[in-house]
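K.L.:
Here you go, one structure.
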Amino acid sequence: MKLFLDSADLDEVREAAGWGVLSGVTTNPSLLAKAGARDFQSVIREICTLVPGGPISAEVVSEDTAGMLREARELAALHPQVVIKIPMTPAGMAAVRALKDEGIRTNVTLVFSTAQGLLAAAAGASFVSPFVGRLDDTGADGMAVVREIVSIYRLYGYPTEVIAASIRHPRHVVEAALAGAHIATIPFKVLRQLFEHPLTRQGIERFLADWRALQAPRGVEV
Ligand code: E4P
């Protein structure tokens with residue numbers, strides 16, 4: 001499973017890209033607002049250069065197909081890595097179909113049911129993003145939706161890649177991998193948490209202490 005960063009914060013993208021584990025980035029209007037990215041087009045371009053070759057999702061904000069297509073073409077022209085994030089609505093799926101015909105990649109967002117996942121694949125989306133955490137927040141089983149979408153895509157050979165989104169903690173990442181998601185898009189804090197285990201820290205400290213003891217000058221024997 002590939003790991004994407006779910007962030008529009010350039011410092012976070014830069015740091016996470018340096019860890020060598022990142023294959024792409026997803027943004028959304030809320031993340032851009034949180035990062036204070038007024039000139040969001042430059043931010044998207046910069047993210048593309050920080051994560052070479054990786055798909056970088058940028059979302060449209062129009063609600064009608066014509067508006068979505070206009071925005072999508074502008075965003076796609078920013079950089080070849082840009083993938084257009086489109087909400088799961090009838091107008092959105094019409095835009096996904098038209099963009100596929102133009103060779104522009106899409107990521108269908110705000111997916112909360114298996115049926116919506118099926119629609120995204122039928123429209124020709126490159127990626128689909130079921131929101132695990134937001135479903136869990138309502139008492140539903142978010143990961144079950146990921147599992148079902150993955151099974152249906154396998155059964156019918158849909159090429160659409162499943163991005164487990166709205167990830168809240170490290171266990172979500174592991175469960176997304178076990179569910180067969182192609183990608184998990186992960187907030188910076190959770191990506192950082194994936195590295196951590198108390199025994200790793202303890203082990204490093206023990207190795208370093210033993211190494212220092214070996215290097216220390218020996219006392220004069222009498
Ligand atoms: C997906 O691409 C979205 O950006 C994201 O995962 C939303 O998650 P949230 O529930 O943390 O806002």
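Simple scheme: letters A, B, ... for chains in structure tokens order, numbers from 1 for residues in each chain, numbers from 1 for ligands in the order shown.
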Each residue of chain A lying at most 7 Å from ligand 1 should get a row with its shortest atom-to-atom pair and the distance in Å to one decimal, counting only C-alpha atoms and all ligand atoms; could you produce that, ordered by chain and increasing number, as a Markdown table?
P.N.:
| residue | atom | partner | partner_atom_place_in_ligand_line | distance |
| --- | --- | --- | --- | --- |
| A:Asp6 | CA | ligand 1 | 4 (O) | 5.7 |
| A:Thr26 | CA | ligand 1 | 2 (O) | 5.2 |
| A:Thr27 | CA | ligand 1 | 4 (O) | 5.3 |
| A:Asn28 | CA | ligand 1 | 4 (O) | 5.1 |
| A:Thr109 | CA | ligand 1 | 2 (O) | 6.4 |
| A:Ser129 | CA | ligand 1 | 2 (O) | 6.2 |
| A:Phe131 | CA | ligand 1 | 6 (O) | 6.2 |
| A:Gly133 | CA | ligand 1 | 10 (O) | 5.8 |
| A:Arg134 | CA | ligand 1 | 10 (O) | 5.2 |
| A:Ala165 | CA | ligand 1 | 6 (O) | 3.9 |
| A:Ser166 | CA | ligand 1 | 8 (O) | 3.3 |
| A:Ile167 | CA | ligand 1 | 6 (O) | 6.1 |
| A:Arg168 | CA | ligand 1 | 11 (O) | 6.9 |
| A:Thr185 | CA | ligand 1 | 6 (O) | 6.2 |
K.L.:
Could you save the residues just selected, with all heavy atoms, as an mmCIF file, in the first residue's frame?
P.N.:
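Output contents, as saved in result00.cif:
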data_model
loop_
_atom_site.group_PDB
_atom_site.id
_atom_site.type_symbol
_atom_site.label_atom_id
_atom_site.label_comp_id
_atom_site.auth_asym_id
_atom_site.auth_seq_id
_atom_site.Cartn_x
_atom_site.Cartn_y
_atom_site.Cartn_z
ATOM 1 N N ASP A 6 -1.795 13.734 3.839
ATOM 2 C CA ASP A 6 -3.035 14.499 3.711
ATOM 3 C C ASP A 6 -2.777 15.874 4.326
ATOM 4 O O ASP A 6 -3.034 16.083 5.516
ATOM 5 C CB ASP A 6 -4.139 13.743 4.476
ATOM 6 C CG ASP A 6 -5.547 14.181 4.099
ATOM 7 O OD1 ASP A 6 -5.728 14.734 3.001
ATOM 8 O OD2 ASP A 6 -6.475 13.949 4.901
ATOM 9 N N THR A 26 -2.502 14.511 -0.759
ATOM 10 C CA THR A 26 -3.864 14.974 -1.031
ATOM 11 C C THR A 26 -4.081 16.280 -0.271
ATOM 12 O O THR A 26 -3.618 16.435 0.858
ATOM 13 C CB THR A 26 -4.921 13.939 -0.575
ATOM 14 O OG1 THR A 26 -4.667 13.575 0.783
ATOM 15 C CG2 THR A 26 -4.897 12.690 -1.433
ATOM 16 N N THR A 27 -4.784 17.202 -0.920
ATOM 17 C CA THR A 27 -5.161 18.457 -0.247
ATOM 18 C C THR A 27 -6.678 18.583 -0.374
ATOM 19 O O THR A 27 -7.311 17.812 -1.106
ATOM 20 C CB THR A 27 -4.500 19.689 -0.906
ATOM 21 O OG1 THR A 27 -5.071 19.871 -2.215
ATOM 22 C CG2 THR A 27 -2.990 19.529 -1.028
ATOM 23 N N ASN A 28 -7.232 19.513 0.351
ATOM 24 C CA ASN A 28 -8.645 19.875 0.163
ATOM 25 C C ASN A 28 -8.784 21.334 0.575
ATOM 26 O O ASN A 28 -7.835 21.914 1.137
ATOM 27 C CB ASN A 28 -9.581 18.914 0.923
ATOM 28 C CG ASN A 28 -9.421 18.988 2.427
ATOM 29 O OD1 ASN A 28 -9.205 20.056 2.990
ATOM 30 N ND2 ASN A 28 -9.517 17.847 3.098
ATOM 31 N N THR A 109 -13.962 12.352 -4.172
ATOM 32 C CA THR A 109 -13.861 12.579 -2.734
ATOM 33 C C THR A 109 -15.233 12.601 -2.074
ATOM 34 O O THR A 109 -16.264 12.615 -2.764
ATOM 35 C CB THR A 109 -13.078 13.890 -2.475
ATOM 36 O OG1 THR A 109 -12.809 13.989 -1.074
ATOM 37 C CG2 THR A 109 -13.830 15.126 -2.930
ATOM 38 N N SER A 129 -11.901 8.101 -2.815
ATOM 39 C CA SER A 129 -11.502 8.324 -1.420
ATOM 40 C C SER A 129 -12.651 8.108 -0.438
ATOM 41 O O SER A 129 -13.399 9.043 -0.136
ATOM 42 C CB SER A 129 -10.974 9.760 -1.256
ATOM 43 O OG SER A 129 -9.784 9.935 -1.977
ATOM 44 N N PHE A 131 -14.054 8.014 3.184
ATOM 45 C CA PHE A 131 -13.644 8.748 4.398
ATOM 46 C C PHE A 131 -13.890 7.891 5.642
ATOM 47 O O PHE A 131 -14.991 7.899 6.211
ATOM 48 C CB PHE A 131 -14.448 10.051 4.500
ATOM 49 C CG PHE A 131 -13.898 11.193 3.699
ATOM 50 C CD1 PHE A 131 -13.333 11.007 2.451
ATOM 51 C CD2 PHE A 131 -13.937 12.497 4.207
ATOM 52 C CE1 PHE A 131 -12.825 12.067 1.709
ATOM 53 C CE2 PHE A 131 -13.427 13.572 3.489
ATOM 54 C CZ PHE A 131 -12.876 13.357 2.231
ATOM 55 N N GLY A 133 -12.540 7.887 8.896
ATOM 56 C CA GLY A 133 -12.704 8.511 10.212
ATOM 57 C C GLY A 133 -14.055 9.192 10.370
ATOM 58 O O GLY A 133 -14.711 9.059 11.406
ATOM 59 N N ARG A 134 -14.473 9.917 9.330
ATOM 60 C CA ARG A 134 -15.756 10.631 9.461
ATOM 61 C C ARG A 134 -16.916 9.644 9.585
ATOM 62 O O ARG A 134 -17.910 9.928 10.245
ATOM 63 C CB ARG A 134 -15.980 11.570 8.268
ATOM 64 C CG ARG A 134 -15.040 12.755 8.290
ATOM 65 C CD ARG A 134 -15.484 13.850 7.350
ATOM 66 N NE ARG A 134 -14.370 14.719 7.006
ATOM 67 C CZ ARG A 134 -14.460 15.779 6.238
ATOM 68 N NH1 ARG A 134 -15.622 16.121 5.712
ATOM 69 N NH2 ARG A 134 -13.384 16.504 5.968
ATOM 70 N N ALA A 165 -9.145 7.410 3.225
ATOM 71 C CA ALA A 165 -8.975 8.819 3.629
ATOM 72 C C ALA A 165 -9.615 9.042 4.989
ATOM 73 O O ALA A 165 -10.245 8.142 5.547
ATOM 74 C CB ALA A 165 -9.609 9.726 2.582
ATOM 75 N N SER A 166 -9.430 10.272 5.498
ATOM 76 C CA SER A 166 -9.946 10.628 6.830
ATOM 77 C C SER A 166 -9.394 9.636 7.862
ATOM 78 O O SER A 166 -10.136 9.036 8.627
ATOM 79 C CB SER A 166 -11.484 10.637 6.811
ATOM 80 O OG SER A 166 -11.996 11.136 8.021
ATOM 81 N N ILE A 167 -8.090 9.485 7.822
ATOM 82 C CA ILE A 167 -7.370 8.559 8.718
ATOM 83 C C ILE A 167 -7.114 9.277 10.042
ATOM 84 O O ILE A 167 -6.659 10.417 10.047
ATOM 85 C CB ILE A 167 -6.030 8.138 8.047
ATOM 86 C CG1 ILE A 167 -6.292 7.309 6.784
ATOM 87 C CG2 ILE A 167 -5.102 7.440 9.028
ATOM 88 C CD1 ILE A 167 -6.828 5.926 7.012
ATOM 89 N N ARG A 168 -7.411 8.595 11.148
ATOM 90 C CA ARG A 168 -7.313 9.256 12.455
ATOM 91 C C ARG A 168 -6.164 8.746 13.334
ATOM 92 O O ARG A 168 -5.767 9.412 14.270
ATOM 93 C CB ARG A 168 -8.612 9.039 13.239
ATOM 94 C CG ARG A 168 -9.840 9.617 12.583
ATOM 95 C CD ARG A 168 -10.020 11.070 12.983
ATOM 96 N NE ARG A 168 -11.373 11.493 12.717
ATOM 97 C CZ ARG A 168 -11.754 12.135 11.624
ATOM 98 N NH1 ARG A 168 -10.868 12.444 10.704
ATOM 99 N NH2 ARG A 168 -13.014 12.488 11.461
ATOM 100 N N THR A 185 -4.167 7.949 2.740
ATOM 101 C CA THR A 185 -3.700 9.335 2.832
ATOM 102 C C THR A 185 -3.795 9.758 4.297
ATOM 103 O O THR A 185 -4.853 9.657 4.918
ATOM 104 C CB THR A 185 -4.428 10.280 1.857
ATOM 105 O OG1 THR A 185 -3.736 11.537 1.899
ATOM 106 C CG2 THR A 185 -5.905 10.485 2.165
#
K.L.:
Do you know which residues are at most 9 Å from Val51 of chain A counting only C-alpha atoms, after dropping those on the same chain fewer than 4 positions away, and could you put them as a PyMOL selection string?
P.N.:
chain A and resi 13-14+17+22-25+46-47+55-56
K.L.:
So which residues touch Leu69 of chain A within 12 Å, counting only C-alpha atoms, skipping near sequence neighbours fewer than 6 positions away, as a list of chain:residue names?
P.N.:
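Counting only the stated atoms, we get A:Glu59, A:Val60, A:Val61, A:Ser62, A:Glu63, A:Leu75, A:Ala76, A:Ile84, A:Lys85, A:Ile86, A:Ala91, A:Gly92, A:Met93, A:Ala94, A:Ala95, A:Val96, A:Arg97, A:Ala98, A:Leu99, A:Lys100, A:Asp101, A:Glu102, A:Ile104, A:Thr106.
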K.L.:
I need the residues from that last selection saved to file as a PDB file, in the first residue's frame (with N, CA and C atoms), if you can.
P.N.:
ATOM      1  N   GLU A  59      -8.511  20.083  -5.142  1.00  0.00           N
ATOM      2  CA  GLU A  59      -9.973  19.932  -5.236  1.00  0.00           C
ATOM      3  C   GLU A  59     -10.658  21.117  -5.909  1.00  0.00           C
ATOM      4  N   VAL A  60     -11.706  20.833  -6.683  1.00  0.00           N
ATOM      5  CA  VAL A  60     -12.522  21.903  -7.264  1.00  0.00           C
ATOM      6  C   VAL A  60     -13.560  22.341  -6.226  1.00  0.00           C
ATOM      7  N   VAL A  61     -14.038  23.583  -6.372  1.00  0.00           N
ATOM      8  CA  VAL A  61     -15.041  24.082  -5.419  1.00  0.00           C
ATOM      9  C   VAL A  61     -16.373  24.427  -6.098  1.00  0.00           C
ATOM     10  N   SER A  62     -16.409  24.337  -7.424  1.00  0.00           N
ATOM     11  CA  SER A  62     -17.684  24.568  -8.124  1.00  0.00           C
ATOM     12  C   SER A  62     -18.615  23.396  -7.853  1.00  0.00           C
ATOM     13  N   GLU A  63     -19.915  23.663  -7.977  1.00  0.00           N
ATOM     14  CA  GLU A  63     -20.871  22.566  -7.760  1.00  0.00           C
ATOM     15  C   GLU A  63     -21.517  22.095  -9.055  1.00  0.00           C
ATOM     16  N   LEU A  75      -6.368  23.668 -12.970  1.00  0.00           N
ATOM     17  CA  LEU A  75      -5.523  22.965 -11.989  1.00  0.00           C
ATOM     18  C   LEU A  75      -4.598  21.972 -12.692  1.00  0.00           C
ATOM     19  N   ALA A  76      -5.139  21.250 -13.664  1.00  0.00           N
ATOM     20  CA  ALA A  76      -4.334  20.239 -14.363  1.00  0.00           C
ATOM     21  C   ALA A  76      -3.173  20.892 -15.118  1.00  0.00           C
ATOM     22  N   ILE A  84      -7.279  15.795 -10.110  1.00  0.00           N
ATOM     23  CA  ILE A  84      -8.399  16.669  -9.746  1.00  0.00           C
ATOM     24  C   ILE A  84      -9.360  15.953  -8.810  1.00  0.00           C
ATOM     25  N   LYS A  85      -9.548  16.566  -7.646  1.00  0.00           N
ATOM     26  CA  LYS A  85     -10.461  16.001  -6.657  1.00  0.00           C
ATOM     27  C   LYS A  85     -11.860  16.539  -6.921  1.00  0.00           C
ATOM     28  N   ILE A  86     -12.796  15.614  -7.070  1.00  0.00           N
ATOM     29  CA  ILE A  86     -14.168  15.975  -7.436  1.00  0.00           C
ATOM     30  C   ILE A  86     -15.118  15.334  -6.428  1.00  0.00           C
ATOM     31  N   ALA A  91     -23.324  15.816 -10.732  1.00  0.00           N
ATOM     32  CA  ALA A  91     -22.552  16.792 -11.535  1.00  0.00           C
ATOM     33  C   ALA A  91     -21.071  16.439 -11.495  1.00  0.00           C
ATOM     34  N   GLY A  92     -20.620  15.960 -10.355  1.00  0.00           N
ATOM     35  CA  GLY A  92     -19.214  15.574 -10.212  1.00  0.00           C
ATOM     36  C   GLY A  92     -18.862  14.396 -11.098  1.00  0.00           C
ATOM     37  N   MET A  93     -19.743  13.386 -11.135  1.00  0.00           N
ATOM     38  CA  MET A  93     -19.429  12.203 -11.947  1.00  0.00           C
ATOM     39  C   MET A  93     -19.457  12.535 -13.441  1.00  0.00           C
ATOM     40  N   ALA A  94     -20.310  13.480 -13.833  1.00  0.00           N
ATOM     41  CA  ALA A  94     -20.299  13.914 -15.244  1.00  0.00           C
ATOM     42  C   ALA A  94     -18.953  14.562 -15.556  1.00  0.00           C
ATOM     43  N   ALA A  95     -18.429  15.323 -14.605  1.00  0.00           N
ATOM     44  CA  ALA A  95     -17.122  15.963 -14.807  1.00  0.00           C
ATOM     45  C   ALA A  95     -16.013  14.910 -14.870  1.00  0.00           C
ATOM     46  N   VAL A  96     -16.108  13.897 -13.998  1.00  0.00           N
ATOM     47  CA  VAL A  96     -15.091  12.818 -13.984  1.00  0.00           C
ATOM     48  C   VAL A  96     -15.044  12.144 -15.351  1.00  0.00           C
ATOM     49  N   ARG A  97     -16.241  11.847 -15.894  1.00  0.00           N
ATOM     50  CA  ARG A  97     -16.298  11.183 -17.206  1.00  0.00           C
ATOM     51  C   ARG A  97     -15.662  12.064 -18.297  1.00  0.00           C
ATOM     52  N   ALA A  98     -16.006  13.352 -18.283  1.00  0.00           N
ATOM     53  CA  ALA A  98     -15.464  14.256 -19.313  1.00  0.00           C
ATOM     54  C   ALA A  98     -13.954  14.396 -19.157  1.00  0.00           C
ATOM     55  N   LEU A  99     -13.473  14.480 -17.911  1.00  0.00           N
ATOM     56  CA  LEU A  99     -12.033  14.647 -17.682  1.00  0.00           C
ATOM     57  C   LEU A  99     -11.280  13.384 -18.086  1.00  0.00           C
ATOM     58  N   LYS A 100     -11.889  12.223 -17.846  1.00  0.00           N
ATOM     59  CA  LYS A 100     -11.236  10.970 -18.269  1.00  0.00           C
ATOM     60  C   LYS A 100     -11.042  10.988 -19.787  1.00  0.00           C
ATOM     61  N   ASP A 101     -12.078  11.432 -20.485  1.00  0.00           N
ATOM     62  CA  ASP A 101     -11.990  11.484 -21.948  1.00  0.00           C
ATOM     63  C   ASP A 101     -10.902  12.451 -22.411  1.00  0.00           C
ATOM     64  N   GLU A 102     -10.584  13.452 -21.555  1.00  0.00           N
ATOM     65  CA  GLU A 102      -9.516  14.413 -21.899  1.00  0.00           C
ATOM     66  C   GLU A 102      -8.155  13.961 -21.393  1.00  0.00           C
ATOM     67  N   ILE A 104      -7.377  13.600 -18.161  1.00  0.00           N
ATOM     68  CA  ILE A 104      -7.047  14.240 -16.867  1.00  0.00           C
ATOM     69  C   ILE A 104      -7.493  13.305 -15.736  1.00  0.00           C
ATOM     70  N   THR A 106      -8.573  11.903 -12.019  1.00  0.00           N
ATOM     71  CA  THR A 106      -9.482  12.419 -10.981  1.00  0.00           C
ATOM     72  C   THR A 106      -9.438  11.547  -9.725  1.00  0.00           C
TER      73      THR A 106
END
K.L.:
I'd like the neighbourhood of Ser151 of chain A as number ranges by chain, where a residue qualifies if any of its atoms comes within 10 Å (using only C-alpha atoms), though same-chain residues fewer than 4 positions away should be ignored.
P.N.:
A: 145-147, 155-157, 179-181
K.L.:
Measure the distance from atom CA of Leu5 of chain A to atom CA of Met88 of chain A in Å and round it to one decimal.
P.N.:
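Atom-to-atom, atom CA of Leu5 of chain A and atom CA of Met88 of chain A are spaced 21.4 Å apart.
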K.L.:
List the spatial neighbours of segment 195-198 of chain A as a list in words - criterion: any atom at most 12 Å away, only C-alpha atoms, same-chain residues fewer than 6 positions off excluded.
P.N.:
Ala16, Trp19, Val21, Pro170, Phe188, Lys189, Ile204 and Glu205 of chain A
K.L.:
Could you give me the residues within segment 72-209 of chain A that DSSP places in alpha helix (DSSP H), as a PyMOL selection string?
P.N.:
chain A and resi 72-76+90-101+114-123+132-137+142-156+170-179+188-194+198-209
K.L.:
Point out the residue among A:Ala164, A:Leu3, A:Leu118, A:Val108 with the least atom-to-atom distance to Ala144 of chain A, counting only C-alpha atoms.
P.N.:
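Of A:Ala164, A:Leu3, A:Leu118, A:Val108, the one nearest Ala144 of chain A, counting only C-alpha atoms, is A:Ala164.
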K.L.:
Name the closest residue to Thr49 of chain A among the candidates A:Ser30, A:Thr89, A:Gln81, A:Thr65; distances are taken between atoms, counting only C-alpha atoms.
P.N.:
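For Thr49 of chain A, the nearest of the candidates is A:Gln81.
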K.L.:
Can you list every residue in segment 87-176 of chain A that DSSP puts in strand (DSSP E), as a ChimeraX atom specification?
P.N.:
/A:87,106-111,127-130,161-164
K.L.:
Tell me which protein, DNA and RNA residues are within 6 Å of Val190 of chain A, counting only C-alpha atoms, leaving out same-chain ones fewer than 3 positions away, and put them as a PyMOL selection string.
P.N.:
chain A and resi 169+187+193
K.L.:
Could you take the residues named above and write them with N, CA and C atoms, as a compact mmCIF listing (two decimals), in the first residue's frame?
P.N.:
# COMPACT_ATOMS: atom_id res chain seq x y z
N HIS A 169 -5.72 7.50 13.08
CA HIS A 169 -4.69 6.93 13.96
C HIS A 169 -3.95 5.81 13.23
N PRO A 187 -2.72 12.14 7.81
CA PRO A 187 -2.28 13.43 8.35
C PRO A 187 -0.85 13.31 8.89
N GLN A 193 3.50 9.25 13.89
CA GLN A 193 3.24 8.22 14.91
C GLN A 193 3.58 6.81 14.41
K.L.:
Please report the interatomic distance between atom CA of Val128 of chain A and atom CA of Glu161 of chain A in Å with one decimal.
P.N.:
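Taking atom CA of Val128 of chain A and atom CA of Glu161 of chain A, their separation equals 6.3 Å.
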K.L.:
So how far away is atom CA of Ile44 of chain A from atom CA of Leu78 of chain A, in Å?
P.N.:
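Computing it gives 7.9 Å between the two atoms.
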